[in-house]
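Participant: Quick one, coords_25.cif (mmCIF, C-alpha atoms):
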data_input
#
loop_
_atom_site.label_atom_id
_atom_site.label_comp_id
_atom_site.auth_asym_id
_atom_site.auth_seq_id
_atom_site.Cartn_x
_atom_site.Cartn_y
_atom_site.Cartn_z
CA MET V 1 109.17 111.32 77.22
CA ILE V 2 112.49 112.82 78.29
CA ASP V 3 110.65 115.46 80.33
CA VAL V 4 108.66 112.71 82.08
CA ILE V 5 111.85 110.80 82.94
CA ILE V 6 113.55 113.93 84.25
CA SER V 7 110.49 114.77 86.32
CA ALA V 8 110.34 111.22 87.69
CA THR V 9 113.96 111.38 88.87
CA THR V 10 113.05 114.24 91.21
CA TRP V 11 110.98 111.66 93.11
CA VAL V 12 112.90 108.44 92.44
CA VAL V 13 116.21 109.67 93.85
CA PRO V 14 114.75 110.97 97.15
CA VAL V 15 112.61 107.83 97.59
CA LEU V 16 115.53 105.45 97.07
CA LEU V 17 117.77 107.43 99.42
CA ALA V 18 115.07 107.83 102.07
CA VAL V 19 113.99 104.19 102.29
CA THR V 20 117.49 102.73 101.81
CA LEU V 21 119.14 104.82 104.51
CA HIS V 22 116.12 104.39 106.81
CA GLU V 23 116.41 100.59 106.71
CA ALA V 24 120.22 100.56 106.79
CA ALA V 25 120.11 102.75 109.91
CA HIS V 26 118.02 100.10 111.68
CA GLY V 27 120.64 97.49 110.81
CA PHE V 28 123.59 99.62 111.92
CA ALA V 29 121.85 100.45 115.22
CA ALA V 30 121.05 96.78 115.83
CA LYS V 31 124.69 95.85 115.29
CA MET V 32 125.76 98.47 117.84
CA PHE V 33 123.53 96.73 120.40
CA GLY V 34 124.80 93.24 119.65
CA ASP V 35 122.65 91.89 116.82
CA ASP V 36 124.42 91.23 113.52
CA THR V 37 121.42 89.56 111.80
CA ALA V 38 121.16 92.28 109.15
CA GLN V 39 124.88 92.06 108.43
CA ARG V 40 124.83 88.25 108.09
CA LEU V 41 121.88 88.47 105.67
CA GLY V 42 123.54 91.13 103.54
CA ARG V 43 121.09 93.86 104.57
CA LEU V 44 123.66 96.08 106.28
CA SER V 45 124.13 97.81 102.96
CA LEU V 46 123.63 101.15 101.26
CA ASN V 47 122.79 99.35 98.01
CA PRO V 48 119.12 100.27 97.28
CA ILE V 49 118.55 96.96 95.46
CA ARG V 50 118.97 95.04 98.72
CA HIS V 51 116.20 97.07 100.37
CA ILE V 52 113.68 97.44 97.53
CA ASP V 53 110.18 96.09 98.12
CA PRO V 54 108.33 95.64 94.81
CA ILE V 55 105.09 97.03 96.23
CA GLY V 56 106.26 99.60 98.77
CA THR V 57 109.28 100.97 96.89
CA ILE V 58 108.06 100.77 93.30
CA LEU V 59 104.32 100.17 92.85
CA ILE V 60 102.84 102.48 95.52
CA PRO V 61 105.09 105.52 94.72
CA ALA V 62 104.49 104.97 91.00
CA LEU V 63 100.71 104.86 91.44
CA LEU V 64 100.76 107.99 93.59
CA LEU V 65 102.93 109.75 91.01
CA ILE V 66 100.76 108.68 88.07
CA THR V 67 97.52 109.66 89.79
CA GLY V 68 98.90 113.09 90.74
CA ALA V 69 98.66 112.56 94.49
CA PRO V 70 99.67 115.61 96.56
CA PHE V 71 102.31 113.56 98.37
CA LEU V 72 104.56 110.58 97.70
CA PHE V 73 104.82 107.63 100.03
CA GLY V 74 106.72 104.37 100.03
CA TYR V 75 108.61 101.86 102.10
CA ALA V 76 111.35 99.27 101.80
CA LYS V 77 111.74 95.67 102.97
CA PRO V 78 112.18 95.80 106.76
CA VAL V 79 115.70 95.01 107.91
CA PRO V 80 115.61 91.80 110.00
CA VAL V 81 116.44 92.40 113.65
CA ALA V 82 116.59 89.74 116.41
CA PHE V 83 115.33 92.00 119.18
CA GLN V 84 115.98 89.36 121.85
CA ARG V 85 119.72 89.63 121.08
CA LEU V 86 119.89 93.36 121.76
CA ASN V 87 121.73 94.32 124.94
CA PRO V 88 120.37 96.11 126.90
CA GLN V 89 117.18 94.92 125.27
CA ARG V 90 114.68 97.72 125.93
CA LEU V 91 117.14 100.53 125.21
CA GLY V 92 118.32 98.61 122.16
CA VAL V 93 114.77 98.27 120.80
CA VAL V 94 114.16 102.01 121.27
CA CYS V 95 117.43 103.01 119.62
CA VAL V 96 117.00 100.60 116.71
CA ALA V 97 113.44 101.83 116.16
CA VAL V 98 114.20 105.55 116.21
CA ALA V 99 117.35 105.16 114.07
CA GLY V 100 115.26 105.03 110.88
CA PRO V 101 113.06 108.11 111.49
CA LEU V 102 116.03 110.07 112.82
CA THR V 103 117.89 109.25 109.61
CA ASN V 104 114.95 110.63 107.62
CA VAL V 105 115.02 113.83 109.70
CA GLY V 106 118.76 114.05 109.05
CA LEU V 107 118.17 113.70 105.31
CA ALA V 108 115.53 116.44 105.47
CA ILE V 109 118.00 118.72 107.27
CA LEU V 110 120.70 117.94 104.70
CA SER V 111 118.26 118.71 101.89
CA ILE V 112 117.38 122.07 103.45
CA LEU V 113 121.07 122.91 103.81
CA LEU V 114 121.71 122.00 100.18
CA MET V 115 118.76 124.19 99.15
CA VAL V 116 120.38 127.10 101.00
CA TRP V 117 123.81 126.41 99.56
CA LEU V 118 122.59 125.46 96.08
CA PRO V 119 125.38 126.47 93.68
CA SER V 120 124.62 128.31 90.49
CA PHE V 121 124.27 126.01 87.51
CA SER V 122 122.12 126.48 84.44
CA PRO V 123 118.48 127.42 85.15
CA ALA V 124 117.30 123.95 84.08
CA VAL V 125 119.73 122.16 86.39
CA ASN V 126 118.95 124.51 89.27
CA ASP V 127 115.21 123.91 88.82
CA TRP V 128 115.77 120.14 88.78
CA LEU V 129 117.93 120.22 91.91
CA ALA V 130 115.58 122.55 93.76
CA THR V 131 112.58 120.35 92.91
CA MET V 132 114.39 117.18 93.97
CA LEU V 133 115.59 118.70 97.26
CA ASN V 134 112.11 120.02 98.02
CA GLN V 135 110.65 116.55 97.37
CA SER V 136 113.34 115.09 99.63
CA ILE V 137 112.48 117.45 102.48
CA TRP V 138 108.79 116.60 102.38
CA LEU V 139 109.21 112.88 101.75
CA ASN V 140 111.64 112.40 104.61
CA CYS V 141 109.50 114.37 107.04
CA ILE V 142 106.41 112.37 106.03
CA LEU V 143 108.29 109.09 106.47
CA ALA V 144 109.66 110.17 109.85
CA VAL V 145 106.23 111.14 111.17
CA PHE V 146 104.45 108.11 109.69
CA ASN V 147 106.96 105.63 111.06
CA MET V 148 106.72 107.14 114.54
CA LEU V 149 102.98 106.50 114.79
CA PRO V 150 102.61 104.37 117.96
CA ILE V 151 101.24 101.31 116.15
CA PRO V 152 103.25 98.08 115.78
CA PRO V 153 105.04 97.17 113.56
CA LEU V 154 105.88 100.82 112.85
CA ASP V 155 108.93 102.21 114.63
CA GLY V 156 106.78 104.25 116.99
CA GLY V 157 104.88 101.10 117.93
CA ARG V 158 108.13 99.34 118.78
CA VAL V 159 109.19 102.27 120.95
CA LEU V 160 105.84 102.13 122.73
CA THR V 161 106.24 98.38 123.22
CA ALA V 162 109.73 98.79 124.65
CA ILE V 163 108.75 101.43 127.21
CA SER V 164 105.42 99.87 128.26
CA PRO V 165 104.88 97.62 131.30
CA LEU V 166 105.23 93.93 130.46
CA PRO V 167 101.47 93.08 130.21
CA ILE V 168 100.87 95.96 127.80
CA ALA V 169 104.10 95.22 125.91
CA ARG V 170 102.92 91.65 125.29
CA VAL V 171 99.63 92.88 123.83
CA LEU V 172 101.44 95.36 121.61
CA ALA V 173 103.95 92.72 120.50
CA ARG V 174 101.08 90.49 119.35
CA MET V 175 99.94 93.35 117.10
CA GLU V 176 103.13 93.08 115.00
CA LYS V 177 101.39 90.85 112.43
CA THR V 178 98.04 92.62 112.32
CA GLY V 179 99.04 96.21 113.06
CA MET V 180 99.77 97.12 109.45
CA ILE V 181 96.41 95.74 108.32
CA ILE V 182 94.66 97.78 111.03
CA LEU V 183 96.69 100.85 110.05
CA ILE V 184 95.85 100.55 106.36
CA GLY V 185 92.19 100.02 107.21
CA VAL V 186 91.92 103.02 109.52
CA VAL V 187 94.22 105.47 107.72
CA PHE V 188 93.48 104.69 104.06
CA LEU V 189 90.40 102.50 103.57
CA LEU V 190 88.12 104.14 106.17
CA PRO V 191 88.51 107.66 104.69
CA TYR V 192 87.89 106.21 101.20
CA VAL V 193 84.66 104.51 102.32
CA THR V 194 83.42 107.51 104.32
CA GLU V 195 84.13 109.82 101.37
CA LYS V 196 81.82 107.69 99.23
CA LEU V 197 79.18 108.26 101.91
CA GLY V 198 79.72 112.01 101.80
CA ILE V 199 81.77 112.17 105.00
CA TYR V 200 85.20 113.85 104.84
CA LEU V 201 87.57 112.03 107.19
CA PRO V 202 91.19 112.93 106.28
CA ILE V 203 92.87 110.70 108.87
CA PHE V 204 96.21 110.55 107.00
CA GLN V 205 96.14 114.35 106.77
CA TRP V 206 95.54 114.65 110.52
CA LEU V 207 98.04 112.02 111.64
CA VAL V 208 100.85 112.47 109.12
CA ILE V 209 100.63 115.36 106.64
CA THR V 210 99.86 118.11 109.17
CA PRO V 211 102.58 117.04 111.67
CA ALA V 212 105.02 116.59 108.76
CA ARG V 213 104.21 120.12 107.57
CA GLU V 214 104.94 121.44 111.06
CA LEU V 215 108.21 119.48 111.12
CA VAL V 216 109.23 120.98 107.77
CA HIS V 217 108.44 124.49 109.03
CA PHE V 218 110.34 123.84 112.28
CA LEU V 219 113.46 122.50 110.55
CA THR V 220 113.40 125.29 107.98
CA ALA V 221 113.04 127.93 110.72
CA ILE V 222 115.98 126.69 112.80
CA ILE V 223 118.25 126.18 109.79
CA ILE V 224 117.42 129.22 107.69
#
Now that the file is in, can you turn its structure into structure tokens?

Facilitator:
Amino acid sequence: MIDVIISATTWVVPVLLAVTLHEAAHGFAAKMFGDDTAQRLGRLSLNPIRHIDPIGTILIPALLLITGAPFLFGYAKPVPVAFQRLNPQRLGVVCVAVAGPLTNVGLAILSILLMVWLPSFSPAVNDWLATMLNQSIWLNCILAVFNMLPIPPLDGGRVLTAISPLPIARVLARMEKTGMIILIGVVFLLPYVTEKLGIYLPIFQWLVITPARELVHFLTAIII
């Protein structure tokens, strides 16, 4: 049991840091552009409890961990942002959106640096730290790539909305409520159904895992 708990912490710590700092970054960026909604609602915080989503932060990562999935994925409660209060609005939307993924890239870079500078402890502690930092690198790169997919309400979708001409932006904005359902259907359910039919369609691999792998290799190459 102790071994299981120790192993779980190598995922739990990176997940909590990744999703908490990702959401907090959105709130801090929004405040810089004139919207203090997150601060007024107590979400401008580094306290993980304020950002935990029961399904995205606990249930989904736990199921992936239990089932031995080759990657871990999760998300937190979105930080509330009144985009109409941002000034200038379009630049504000872009900066607020990219603040989260950029924070994940920053955490991946920090994890790589810590791997390089890992001090010498006992072999057991070193193995635990190395495993946790490796998980952090991959998790943060996966989150950064996934969130930058150009589908509302993901961060990439909000960037696309902000830089698009008004008629297209209106269409994209209306996808905020249905975009996640479409995304889950295309990225997760469609491959599951097609696999049952004998068709291999690794959409998540194509859209997220492969680009995340390239991002890991790129960051590792420039740092090491």

Participant: Can you work out which one of V:Met115, V:Ala124, V:Ala108, V:Val159 has the shortest atom-to-atom distance to Val94 in chain V, counting all atoms listed in the file?

Facilitator: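 Ranking V:Met115, V:Ala124, V:Ala108, V:Val159 by distance to Val94 in chain V, first place goes to V:Val159.
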
Participant: Where does the PyMOL selection byres ((chain V and resi 52) around 12) land in this file, that is, which residues does it pick, as a ChimeraX atom specification?

Facilitator: /V:15-24,43,45-51,53-59,74-79

Participant: Near Ala82 in chain V, within 8 Å and counting all atoms listed in the file, which residues show up once chain neighbours fewer than 4 positions away are dropped, as a count of residues only?

Facilitator: 3

Participant: So how far away is CA of Thr10 in chain V from CA of Glu214 in chain V, in Å?

Facilitator: 22.6 Å

Participant: Which residue, V:Pro202, V:Pro165, V:Gly27, V:Gly106, has the smallest gap to Ile137 in chain V when you use all atoms listed in the file?

Facilitator: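 Closest to Ile137 in chain V, using all atoms listed in the file: V:Gly106.
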
Participant: Step by step, work through what the PyMOL selection byres ((chain V and resi 203) around 8) selects in the shown file, and finish by giving those residues as a count of residues only.

Facilitator: 10

Participant: Could you list, as an NGL selection string, every residue matched by the PyMOL selection byres ((chain V and resi 209) around 12) in this structure?

Facilitator: :V and (70-73 or 138-146 or 187 or 202-208 or 210-216)

Participant: Between V:Asn134, V:Leu118, V:His26, V:Leu107, which has the minimum distance to Gly92 in chain V (counting all atoms listed in the file)?

Facilitator: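 Once distances to Gly92 in chain V are computed over all atoms listed in the file, the minimum belongs to V:His26.
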
Participant: So what do you get for CA of Thr103 in chain V versus CA of Thr9 in chain V, distance-wise?

Facilitator: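 Going from CA of Thr103 in chain V over to CA of Thr9 in chain V covers 21.2 Å.
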
Participant: Between V:Gln89, V:Asn104, V:Thr131, V:Ser111, which has the minimum distance to Asn147 in chain V (counting only C-alpha atoms)?

Facilitator: V:Asn104

Participant: What separation in Å, quoted to one decimal, exists between CA of Ile109 in chain V and CA of Phe83 in chain V?

Facilitator: 29.4 Å
